[in-house]
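**Q** See data-v3.tsv below, with TSV, C-alpha atoms.
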chain	number	residue	atom	x	y	z
A	1	MET	CA	14.65	-18.84	152.90
A	2	GLN	CA	13.45	-16.17	150.53
A	3	LYS	CA	13.84	-16.92	146.85
A	4	THR	CA	16.65	-15.01	145.24
A	5	ILE	CA	17.21	-13.52	141.83
A	6	SER	CA	20.50	-14.69	140.39
A	7	GLY	CA	22.63	-13.24	137.64
A	8	ALA	CA	23.71	-9.97	139.25
A	9	VAL	CA	27.44	-9.35	139.25
A	10	CYS	CA	29.39	-7.11	141.61
A	11	PRO	CA	30.97	-4.33	139.50
A	12	GLU	CA	33.89	-4.18	141.93
A	13	CYS	CA	34.99	-7.82	142.21
A	14	ASP	CA	32.88	-9.75	139.67
A	15	ALA	CA	31.31	-11.95	142.37
A	16	GLN	CA	27.79	-13.26	141.82
A	17	VAL	CA	25.37	-11.34	144.06
A	18	GLY	CA	21.96	-12.86	144.77
A	19	LEU	CA	19.08	-10.41	145.07
A	20	ASP	CA	16.01	-11.03	147.21
A	21	ALA	CA	12.89	-11.85	145.22
A	22	ASP	CA	11.37	-8.58	146.46
A	23	ALA	CA	14.40	-6.48	145.46
A	24	ARG	CA	13.61	-2.97	144.25
A	25	VAL	CA	15.38	-0.44	142.06
A	26	SER	CA	17.61	1.91	144.14
A	27	GLU	CA	17.85	-0.65	146.93
A	28	ILE	CA	21.27	-0.91	148.55
A	29	VAL	CA	22.83	-4.38	148.85
A	30	GLU	CA	26.24	-5.55	149.97
A	31	CYS	CA	28.56	-7.78	147.97
A	32	VAL	CA	29.23	-10.89	150.06
A	33	GLU	CA	32.74	-11.16	148.65
A	34	CYS	CA	34.26	-7.67	148.72
A	35	ARG	CA	31.68	-5.94	151.01
A	36	SER	CA	31.16	-3.12	148.52
A	37	GLU	CA	27.90	-1.24	148.90
A	38	LEU	CA	25.95	-1.70	145.69
A	39	GLU	CA	22.85	-0.10	144.25
A	40	VAL	CA	20.27	-2.12	142.35
A	41	LYS	CA	19.91	-0.30	139.03
A	42	SER	CA	17.60	-2.87	137.49
A	43	VAL	CA	15.85	-5.99	138.74
A	44	GLU	CA	15.02	-7.50	135.35
A	45	PRO	CA	17.67	-8.03	134.19
A	46	PRO	CA	19.50	-7.81	137.53
A	47	LEU	CA	22.07	-5.03	137.34
A	48	LEU	CA	24.24	-3.55	140.07
A	49	GLU	CA	26.40	-0.42	140.32
A	50	LEU	CA	28.61	0.85	143.10
A	51	ALA	CA	26.37	2.79	145.51
A	52	PRO	CA	26.96	6.54	145.83
A	53	GLU	CA	29.28	7.67	148.59
A	54	VAL	CA	27.61	9.06	151.70
A	55	GLU	CA	27.30	12.84	151.46
A	56	GLU	CA	27.67	15.40	154.22
A	57	ASP	CA	23.96	16.20	154.51
A	58	TRP	CA	22.70	12.61	154.50
A	59	GLY	CA	20.67	11.42	157.39
A	60	GLU	CA	17.21	11.29	158.80
B	1	MET	CA	-2.37	21.56	138.90
B	2	THR	CA	-2.83	19.31	135.90
B	3	MET	CA	-2.99	15.69	136.92
B	4	ASN	CA	-2.36	12.84	134.54
B	5	SER	CA	-5.21	10.36	135.05
B	6	ASP	CA	-2.80	7.45	134.44
B	7	ALA	CA	-0.32	8.67	137.06
B	8	ALA	CA	-0.12	7.01	140.47
B	9	ALA	CA	-1.76	9.14	143.14
B	10	LEU	CA	1.15	8.65	145.52
B	11	GLY	CA	4.88	9.08	145.17
B	12	ILE	CA	7.80	7.90	147.27
B	13	LEU	CA	10.70	10.32	146.99
B	14	ALA	CA	13.93	8.45	147.64
B	15	SER	CA	17.33	8.10	146.02
B	16	ARG	CA	18.21	5.21	148.31
B	17	VAL	CA	15.77	2.41	149.00
B	18	ARG	CA	16.58	1.11	152.48
B	19	PHE	CA	14.62	-0.99	154.95
B	20	GLU	CA	12.26	1.92	155.64
B	21	GLU	CA	11.44	2.79	152.04
B	22	LYS	CA	11.07	-0.87	151.13
B	23	SER	CA	8.69	-1.39	154.07
B	24	ILE	CA	6.53	1.53	152.98
B	25	MET	CA	6.49	0.28	149.38
B	26	ALA	CA	5.56	-3.23	150.57
B	27	ALA	CA	2.74	-1.81	152.71
B	28	LEU	CA	1.41	0.07	149.67
B	29	ASP	CA	1.60	-3.10	147.57
B	30	ARG	CA	-0.30	-5.06	150.22
B	31	ARG	CA	-3.13	-2.53	150.04
B	32	GLY	CA	-3.10	-2.35	146.25
B	33	ILE	CA	-2.19	1.35	146.27
B	34	ALA	CA	-0.26	2.21	143.13
B	35	PHE	CA	2.74	4.41	143.72
B	36	GLU	CA	5.49	6.03	141.72
B	37	HIS	CA	9.07	5.91	142.95
B	38	LEU	CA	10.50	9.39	142.40
B	39	ASP	CA	14.29	9.43	142.40
B	40	PRO	CA	15.59	12.94	143.21
B	41	ARG	CA	18.72	12.22	141.16
B	42	THR	CA	16.64	12.42	138.00
B	43	LEU	CA	13.81	14.64	139.22
B	44	HIS	CA	13.19	18.15	137.96
B	45	ILE	CA	10.11	20.21	138.61
B	46	ALA	CA	9.15	23.12	136.40
B	47	GLY	CA	7.75	26.15	138.15
B	48	GLY	CA	4.10	26.81	137.36
B	49	ASN	CA	1.37	24.22	137.19
B	50	SER	CA	2.50	21.65	134.65
B	51	TRP	CA	3.08	18.81	137.18
B	52	THR	CA	1.57	15.54	136.01
B	53	GLY	CA	2.91	13.30	138.77
B	54	PRO	CA	1.46	12.11	142.08
B	55	GLY	CA	-0.68	14.45	144.16
B	56	LEU	CA	0.83	13.26	147.44
B	57	VAL	CA	4.48	12.42	148.03
B	58	ILE	CA	6.08	10.74	151.04
B	59	ASN	CA	9.50	12.35	151.37
B	60	ARG	CA	12.10	9.70	152.18
B	61	GLU	CA	15.08	11.35	150.50
B	62	VAL	CA	18.28	10.74	152.47
B	63	GLY	CA	20.02	13.99	151.45
B	64	HIS	CA	18.71	16.93	153.47
B	65	PHE	CA	19.10	19.58	150.79
B	66	ARG	CA	17.58	17.44	148.07
B	67	ALA	CA	14.74	16.55	150.44
B	68	ARG	CA	14.09	20.14	151.38
B	69	TYR	CA	14.19	21.60	147.88
B	70	ALA	CA	12.27	18.74	146.32
B	71	ALA	CA	9.54	19.21	148.95
B	72	SER	CA	9.43	22.94	148.29
B	73	ALA	CA	9.29	22.50	144.50
B	74	LEU	CA	6.60	19.81	144.76
B	75	GLU	CA	4.50	21.97	147.07
B	76	SER	CA	4.86	24.85	144.62
B	77	VAL	CA	3.01	22.80	142.00
B	78	GLY	CA	0.27	21.75	144.40
B	79	VAL	CA	1.58	18.42	145.70
B	80	VAL	CA	0.98	17.50	149.35
B	81	VAL	CA	4.32	16.40	150.81
B	82	LEU	CA	4.76	14.34	153.99
B	83	ASN	CA	6.51	15.91	155.78
B	84	SER	CA	6.02	19.44	154.54
B	85	ALA	CA	8.93	21.41	153.13
B	86	ALA	CA	8.73	23.71	156.15
B	87	ALA	CA	9.04	20.77	158.56
B	88	THR	CA	12.03	19.36	156.66
B	89	HIS	CA	13.63	22.82	156.61
B	90	VAL	CA	13.34	23.16	160.39
B	91	SER	CA	14.03	19.64	161.59
B	92	GLY	CA	16.91	19.14	159.16
B	93	ASP	CA	18.74	22.02	160.80
B	94	LYS	CA	19.83	21.61	164.41
B	95	TRP	CA	19.66	25.29	165.28
B	96	LEU	CA	16.23	25.84	163.71
B	97	THR	CA	15.03	22.78	165.63
B	98	SER	CA	16.41	24.10	168.93
B	99	ALA	CA	14.80	27.47	168.29
B	100	ALA	CA	11.44	25.81	167.53
B	101	LEU	CA	11.65	23.63	170.66
B	102	LEU	CA	12.50	26.63	172.85
B	103	ARG	CA	9.70	28.68	171.30
B	104	ALA	CA	7.29	25.88	172.15
B	105	GLY	CA	8.52	25.90	175.75
B	106	LEU	CA	9.94	22.38	175.52
B	107	PRO	CA	12.93	21.22	177.58
B	108	THR	CA	16.08	20.86	175.50
B	109	PRO	CA	19.78	20.85	176.49
B	110	ALA	CA	21.54	24.19	176.92
B	111	THR	CA	22.44	25.28	173.38
B	112	SER	CA	24.31	28.18	171.86
B	113	LEU	CA	24.74	29.33	168.26
B	114	ALA	CA	27.98	31.10	167.39
B	115	LEU	CA	28.26	32.95	164.10
B	116	THR	CA	31.99	32.39	163.75
B	117	PRO	CA	34.47	29.84	165.15
B	118	ASP	CA	36.04	32.66	167.21
B	119	ALA	CA	32.68	33.47	168.75
B	120	ALA	CA	32.20	29.76	169.42
B	121	LEU	CA	35.22	29.67	171.71
B	122	LYS	CA	33.73	32.52	173.76
B	123	ALA	CA	30.32	30.79	173.76
B	124	LEU	CA	31.95	27.63	175.11
B	125	ASP	CA	33.48	29.61	177.98
B	126	GLU	CA	29.92	30.48	179.00
B	127	LEU	CA	28.40	27.06	178.23
B	128	GLY	CA	31.17	25.19	180.06
B	129	TYR	CA	32.94	21.91	179.38
B	130	PRO	CA	32.39	19.16	178.39
B	131	ALA	CA	30.31	20.36	175.46
B	132	VAL	CA	29.41	19.10	172.03
B	133	VAL	CA	30.10	20.79	168.69
B	134	LYS	CA	27.63	19.71	166.01
B	135	PRO	CA	27.27	20.53	162.33
B	136	LEU	CA	24.00	22.34	161.62
B	137	VAL	CA	23.01	19.71	159.08
B	138	GLY	CA	23.81	16.02	159.20
B	139	SER	CA	22.87	12.86	160.99
B	140	TRP	CA	24.04	9.55	162.39
B	141	GLY	CA	26.29	11.42	164.82
B	142	ARG	CA	28.65	12.27	161.97
B	143	LEU	CA	31.16	15.07	162.75
B	144	VAL	CA	29.58	15.54	166.17
B	145	THR	CA	32.54	16.28	168.42
B	146	GLN	CA	32.77	16.20	172.18
B	147	VAL	CA	35.16	18.85	173.51
B	148	THR	CA	36.37	18.45	177.06
B	149	ASP	CA	38.49	21.58	177.47
B	150	ARG	CA	39.39	24.90	175.87
B	151	ALA	CA	42.54	23.64	174.13
B	152	MET	CA	40.64	20.85	172.43
B	153	ALA	CA	37.83	23.23	171.47
B	154	ALA	CA	40.31	25.67	169.92
B	155	ALA	CA	41.77	22.88	167.80
B	156	VAL	CA	38.37	21.64	166.64
B	157	LEU	CA	37.24	25.18	165.82
B	158	GLU	CA	40.42	25.79	163.84
B	159	HIS	CA	39.49	22.80	161.68
B	160	ILE	CA	35.96	24.16	161.32
B	161	GLU	CA	37.35	27.52	160.22
B	162	ALA	CA	39.27	25.76	157.45
B	163	LEU	CA	36.11	24.19	156.00
B	164	PRO	CA	35.07	25.72	152.66
B	165	SER	CA	31.33	26.19	153.20
B	166	PRO	CA	30.24	29.46	154.90
B	167	GLN	CA	27.47	27.50	156.62
B	168	SER	CA	30.10	25.34	158.35
B	169	HIS	CA	31.45	28.46	160.08
B	170	VAL	CA	28.16	28.92	161.93
B	171	VAL	CA	28.77	26.74	164.96
B	172	TYR	CA	26.13	24.89	166.95
B	173	LEU	CA	27.17	24.15	170.52
B	174	GLN	CA	25.42	22.14	173.15
B	175	ALA	CA	26.12	21.19	176.75
B	176	LEU	CA	26.96	17.49	176.98
B	177	VAL	CA	24.10	15.55	178.54
B	178	PRO	CA	25.59	13.17	181.15
B	179	LYS	CA	23.63	10.07	180.10
B	180	ALA	CA	24.32	10.49	176.41
B	181	ASP	CA	24.87	6.73	175.97
B	182	ASN	CA	21.20	6.02	176.68
B	183	ASP	CA	18.34	7.75	174.89
B	184	ILE	CA	14.73	7.19	173.90
B	185	ARG	CA	13.54	7.25	170.30
B	186	VAL	CA	9.84	7.96	169.90
B	187	VAL	CA	8.20	7.45	166.52
B	188	VAL	CA	5.38	9.87	165.81
B	189	VAL	CA	2.97	9.40	162.90
B	190	GLY	CA	0.09	11.79	162.22
B	191	GLY	CA	1.02	13.72	165.34
B	192	GLU	CA	0.55	10.63	167.52
B	193	PRO	CA	3.45	8.86	169.28
B	194	ILE	CA	3.04	5.20	168.22
B	195	GLY	CA	5.87	3.65	170.23
B	196	ALA	CA	9.27	4.17	171.75
B	197	THR	CA	12.57	2.39	172.04
B	198	ARG	CA	15.39	2.85	174.47
B	199	ARG	CA	18.72	2.90	172.68
B	200	ARG	CA	21.91	1.94	174.43
B	201	GLY	CA	25.27	2.26	172.82
B	202	ASP	CA	28.81	1.64	173.86
B	203	GLN	CA	29.70	5.15	172.71
B	204	TRP	CA	28.43	8.51	173.90
B	205	ARG	CA	26.47	8.82	170.66
B	206	THR	CA	23.50	6.41	170.59
B	207	ASN	CA	22.69	6.43	166.89
B	208	VAL	CA	21.55	3.03	165.62
B	209	ALA	CA	23.82	3.78	162.65
B	210	ARG	CA	26.67	3.56	165.20
B	211	GLY	CA	25.61	0.16	166.47
B	212	ALA	CA	23.32	1.18	169.32
B	213	VAL	CA	20.81	-1.50	170.37
B	214	SER	CA	17.08	-0.70	170.51
B	215	GLN	CA	14.72	-2.16	173.12
B	216	VAL	CA	11.03	-1.46	173.62
B	217	CYS	CA	10.34	1.41	175.98
B	218	ALA	CA	6.87	1.98	177.44
B	219	LEU	CA	5.11	5.12	176.26
B	220	THR	CA	4.60	7.00	179.51
B	221	ASP	CA	2.45	10.13	179.64
B	222	GLU	CA	5.61	12.26	179.84
B	223	ILE	CA	7.21	10.60	176.81
B	224	THR	CA	3.97	10.83	174.80
B	225	ASP	CA	3.43	14.46	175.67
B	226	LEU	CA	7.00	15.57	174.93
B	227	ALA	CA	7.25	13.65	171.65
B	228	ALA	CA	3.91	14.91	170.33
B	229	ARG	CA	4.75	18.50	171.25
B	230	ALA	CA	8.27	18.26	169.79
B	231	ALA	CA	6.97	16.93	166.46
B	232	ALA	CA	4.33	19.67	166.40
B	233	ALA	CA	6.95	22.31	167.23
B	234	VAL	CA	8.80	21.60	163.97
B	235	GLY	CA	5.56	20.98	162.04
B	236	ALA	CA	6.32	17.31	161.34
B	237	ASP	CA	3.48	14.81	160.79
B	238	ILE	CA	5.99	11.96	160.80
B	239	ALA	CA	8.95	12.19	163.15
B	240	GLY	CA	11.54	10.38	165.18
B	241	VAL	CA	11.90	12.33	168.41
B	242	ASP	CA	14.98	11.66	170.53
B	243	LEU	CA	14.63	12.21	174.26
B	244	ILE	CA	17.34	12.02	176.87
B	245	GLU	CA	17.47	12.28	180.64
B	246	ASP	CA	18.71	15.61	181.90
B	247	THR	CA	20.83	16.12	185.02
B	248	GLU	CA	17.72	16.27	187.25
B	249	GLY	CA	16.33	12.99	185.91
B	250	GLY	CA	13.64	14.65	183.78
B	251	LEU	CA	13.40	14.14	180.05
B	252	THR	CA	14.67	16.66	177.57
B	253	VAL	CA	14.25	16.78	173.77
B	254	LEU	CA	17.49	16.26	171.89
B	255	GLU	CA	16.41	16.00	168.25
B	256	VAL	CA	13.46	15.72	165.90
B	257	ASN	CA	14.09	13.75	162.70
B	258	ASP	CA	11.68	14.39	159.85
B	259	ARG	CA	12.64	11.43	157.62
B	260	VAL	CA	12.80	8.99	160.48
B	261	GLU	CA	14.78	5.77	160.18
B	262	PHE	CA	12.89	3.04	161.99
B	263	ARG	CA	14.74	-0.19	161.36
B	264	GLY	CA	15.93	-0.44	164.97
B	265	PHE	CA	12.50	0.56	166.26
B	266	GLN	CA	10.71	-1.96	164.04
B	267	GLY	CA	13.11	-4.72	165.05
B	268	ALA	CA	12.18	-4.14	168.69
B	269	HIS	CA	8.42	-3.73	168.17
B	270	SER	CA	6.22	-6.56	166.94
B	271	GLY	CA	2.90	-4.89	167.70
B	272	VAL	CA	3.41	-1.64	165.80
B	273	ASP	CA	4.06	-1.43	162.07
B	274	VAL	CA	5.54	1.98	161.27
B	275	ALA	CA	5.22	1.61	157.50
B	276	GLU	CA	1.54	0.66	157.81
B	277	ARG	CA	0.92	3.69	160.00
B	278	ILE	CA	2.62	5.96	157.47
B	279	VAL	CA	0.42	4.50	154.72
B	280	ASP	CA	-2.63	5.04	157.00
B	281	LEU	CA	-1.64	8.69	157.26
B	282	ALA	CA	-1.19	9.02	153.48
B	283	ALA	CA	-4.61	7.42	152.98
B	284	ALA	CA	-6.13	9.83	155.47
B	285	ARG	CA	-4.63	12.70	153.49
B	286	GLY	CA	-6.47	11.67	150.38
B	287	VAL	CA	-4.66	8.80	148.68
B	288	ARG	CA	-6.96	5.89	147.87
Could you write out this structure as C-alpha cells?

**A**
Amino acid sequence: MQKTISGAVCPECDAQVGLDADARVSEIVECVECRSELEVKSVEPPLLELAPEVEEDWGE
Amino acid sequence: MTMNSDAAALGILASRVRFEEKSIMAALDRRGIAFEHLDPRTLHIAGGNSWTGPGLVINREVGHFRARYAASALESVGVVVLNSAAATHVSGDKWLTSAALLRAGLPTPATSLALTPDAALKALDELGYPAVVKPLVGSWGRLVTQVTDRAMAAAVLEHIEALPSPQSHVVYLQALVPKADNDIRVVVVGGEPIGATRRRGDQWRTNVARGAVSQVCALTDEITDLAARAAAAVGADIAGVDLIEDTEGGLTVLEVNDRVEFRGFQGAHSGVDVAERIVDLAAARGVR
C-alpha cells in the first residue's frame, strides 16, 4: 500500500480524505464518503476544494 | 525571448492533474528534469517578448479553448508548444479535423457541415439515417446524438437552435458507422504510432470515459500507416487517433485527439510507457 498523507478534509461532508504520498497540486481525488470530486489545492498542508464542474469544451 | 536562468526549461500546462499529467510529471522527476506546472486558470501572457517561463511547454489543458489560446499566446513569445497551437486548433474542432483528413486523402466516415439547423435537416436527407449529430468542440462522447429518423432529427435540431452560442448553430453531421461499439485507439508520439488498443463498450459510443474497456491491439501496417498520416494531417506530434471499421471492413479515421488521454491504453500496455515517450519527445526538442 502506498503511504498516504492524512489531514485533508472534504469541504462537502467533512470526511477525512487520505492523499497518496505522491499527490500533486491540481490533482483530482474523490471523497470516499460523499463521492464529491475534489481538487488538491495544497499538499503541505493538505487542502482540498470542490473540483470545478466539467465545462462544455473539456476533453482530449 | 528573455529567459530567466532560474526558470525550469519545461512547463506542463494543465488545470487538472489526472493520471496522464501525473504520469508525465513522474517521468520528468525520474529523469531529474525540472519542470514548472503552469495552471491556465492563473496564467496570463503579455504580448511581446517579456516571457520568463519555460521554453518548451507540454499542453495538457483539458479545456479546448484555454488550450488553444494558451498555446497561441505561448508561441507568440517564442515558446515551443507540444502540440502546436495550430494542431490544437484543428484537432479540437471536428469539422476542421474532417477537412484535414479529407485533404490528406484519408478515409473518414461520410460527413457534412450545415451552417444552420435548418440546413442540417436537408443535409441529413442526403446523408441518410441513422446519422450522428456532434458538437464541433467537445469530447468523451458528450452531446453526441444518434438520430434514427427525420422526426427525431427535427427535434434535436430544434434544441440546437435554442442554444445561445452562434457556434452551436453550425451543425456537424456524420453517417453512423455500423460497428460504433468497437474502435481502435492508436497513440502517436513524435509522429510514430507507439501502440494501439481495441475499445469495446456496451454503448454505441466507445469512449473510455463512458466505461469502454481497452485491450491491446496489434499495430498492423494499415493501422500504423493510417494513424501516422492522420496525426500528420492535423499537425499533431502527440495524438490519440481513433479508427473504426467501415461498412466494407476497411479502417476509417474517426477522430484525432491532440491532448490524448491514455489511462485506458496504459492499463492495457505493459511494454509501452506513453509518459516516458512524451518526455523523450520533449528532450528531443531541446529540453535537457

**Q** Using all atoms listed in the file, which protein or nucleic acid residues come within 10 Å of B:His159? Drop anything in the same chain fewer than 4 positions from it, and give the result as a ChimeraX atom specification.

**A** /B:117,153-155,163,169

**Q** Taking all atoms listed in the file into account, what are the residues of chain A at most 7 Å from chain B, put as a list of chain:residue names?

**A**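 Taking all atoms listed in the file into account, A:Ser26, A:Glu27, A:Ile28, A:Glu56, A:Asp57, A:Trp58, A:Gly59, A:Glu60 sit within 7 Å of chain B.
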
**Q** When you count all atoms listed in the file, which of these residues is closest to B:Phe265: B:Ile244, B:Ala283, B:Cys217, B:Leu157?

**A**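 Under the stated criterion, the closest residue is B:Cys217.
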
**Q** My list of candidates is B:Gly250, B:Pro130, B:Pro166, B:Pro54. Which is closest to B:Leu13 when distances are computed with only C-alpha atoms?

**A**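 Using only C-alpha atoms, the shortest distance to B:Leu13 belongs to B:Pro54.
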
**Q** Could you give me, as a PyMOL selection string, the residues within 6 Å of A:Ile5, counting all atoms listed in the file and dropping anything in the same chain fewer than 3 positions from it?

**A** chain A and resi 18-19+21

**Q** Using all atoms listed in the file, which of the listed residues (A:Leu48, A:Val43, A:Leu38, A:Gly7) sits closest to A:Arg24?

**A** A:Val43

**Q** Quick one, how far is atom CA of B:Leu101 from atom CA of B:His269?

**A**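 Atom CA of B:His269 lies 27.7 Å from atom CA of B:Leu101.
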
**Q** Let me make sure I understand: among B:Pro164, B:Gly201, B:Pro40, B:Pro109, which one has the smallest atom-to-atom distance to B:Asn182 if we use all atoms listed in the file?

**A**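 Ranking B:Pro164, B:Gly201, B:Pro40, B:Pro109 by distance to B:Asn182, first place goes to B:Gly201.
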
**Q** Quick one, how far is atom CA of B:Val186 from atom CA of B:Val241?

**A**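 Interatomic distance here is 5.1 Å.
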
**Q** For A:Ala23, which residue among B:Ala8, B:Ser23, B:Thr197, B:Ala282 is the nearest when counting only C-alpha atoms?

**A**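 Using only C-alpha atoms, the shortest distance to A:Ala23 belongs to B:Ser23.
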
**Q** Give the padded box for stretch 37-41 of chain A as JSON: axis-aligned, covering all atoms listed in the file, 3 Å on each side, centre and edge lengths in Å to one decimal.

**A**
{"center_x": 23.9, "center_y": -1.1, "center_z": 144.0, "size_x": 14.0, "size_y": 8.0, "size_z": 15.9}

**Q** If we count all atoms listed in the file, what is near A:Pro11 at a cut-off of 8 Å, once residues fewer than 3 positions away on the same chain are taken out, given as number ranges by chain?

**A** A: 14, 48-50

**Q** Just C-alpha atoms for this one: save the residues we selected as a JSON list (two decimals), in the coordinates of the input.

**A**
[["chain", "number", "residue", "atom", "x", "y", "z"],
["A", 14, "ASP", "CA", 32.88, -9.75, 139.67],
["A", 48, "LEU", "CA", 24.24, -3.55, 140.07],
["A", 49, "GLU", "CA", 26.40, -0.42, 140.32],
["A", 50, "LEU", "CA", 28.61, 0.85, 143.10]]

**Q** Give me the residues near A:Ser42 as a short mmCIF file (atom, residue, chain, number, x, y, z; two decimals) with C-alpha atoms, in the coordinates of the input, where near means some atom within 6 Å (using only C-alpha atoms) and where sequence neighbours in that chain fewer than 3 positions away do not count.

**A**
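As written to disk, out36.cif reads:
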data_model
loop_
_atom_site.label_atom_id
_atom_site.label_comp_id
_atom_site.auth_asym_id
_atom_site.auth_seq_id
_atom_site.Cartn_x
_atom_site.Cartn_y
_atom_site.Cartn_z
CA VAL A 25 15.38 -0.44 142.06
CA PRO A 46 19.50 -7.81 137.53
CA LEU A 47 22.07 -5.03 137.34
#

**Q** What gap, in Å, lies between atom CA of B:Leu10 and atom CA of B:Ile194?

**A** 23.0 Å

**Q** Which residues come within 12 Å of B:Leu96, counting only C-alpha atoms, excluding same-chain residues fewer than 5 positions away, as a PDB file with C-alpha atoms, in the frame of the given file?

**A**
ATOM      1  CA  ALA B  86       8.730  23.710 156.150  1.00  0.00           C
ATOM      2  CA  ALA B  87       9.040  20.770 158.560  1.00  0.00           C
ATOM      3  CA  THR B  88      12.030  19.360 156.660  1.00  0.00           C
ATOM      4  CA  HIS B  89      13.630  22.820 156.610  1.00  0.00           C
ATOM      5  CA  VAL B  90      13.340  23.160 160.390  1.00  0.00           C
ATOM      6  CA  SER B  91      14.030  19.640 161.590  1.00  0.00           C
ATOM      7  CA  LEU B 101      11.650  23.630 170.660  1.00  0.00           C
ATOM      8  CA  LEU B 102      12.500  26.630 172.850  1.00  0.00           C
ATOM      9  CA  ARG B 103       9.700  28.680 171.300  1.00  0.00           C
ATOM     10  CA  THR B 111      22.440  25.280 173.380  1.00  0.00           C
ATOM     11  CA  SER B 112      24.310  28.180 171.860  1.00  0.00           C
ATOM     12  CA  LEU B 113      24.740  29.330 168.260  1.00  0.00           C
ATOM     13  CA  LEU B 136      24.000  22.340 161.620  1.00  0.00           C
ATOM     14  CA  VAL B 137      23.010  19.710 159.080  1.00  0.00           C
ATOM     15  CA  TYR B 172      26.130  24.890 166.950  1.00  0.00           C
ATOM     16  CA  ALA B 233       6.950  22.310 167.230  1.00  0.00           C
ATOM     17  CA  VAL B 234       8.800  21.600 163.970  1.00  0.00           C
ATOM     18  CA  GLY B 235       5.560  20.980 162.040  1.00  0.00           C
ATOM     19  CA  GLU B 255      16.410  16.000 168.250  1.00  0.00           C
ATOM     20  CA  VAL B 256      13.460  15.720 165.900  1.00  0.00           C
TER      21      VAL B 256
END

**Q** Show me the residues around (7.7, 4.4, 170.5) - criterion: an atom at most 10 Å away, all atoms listed in the file counted - as a ChimeraX atom specification.

**A** /B:184-188,192-198,215-220,223-224,227,240-241,265-266,268-269,272,274
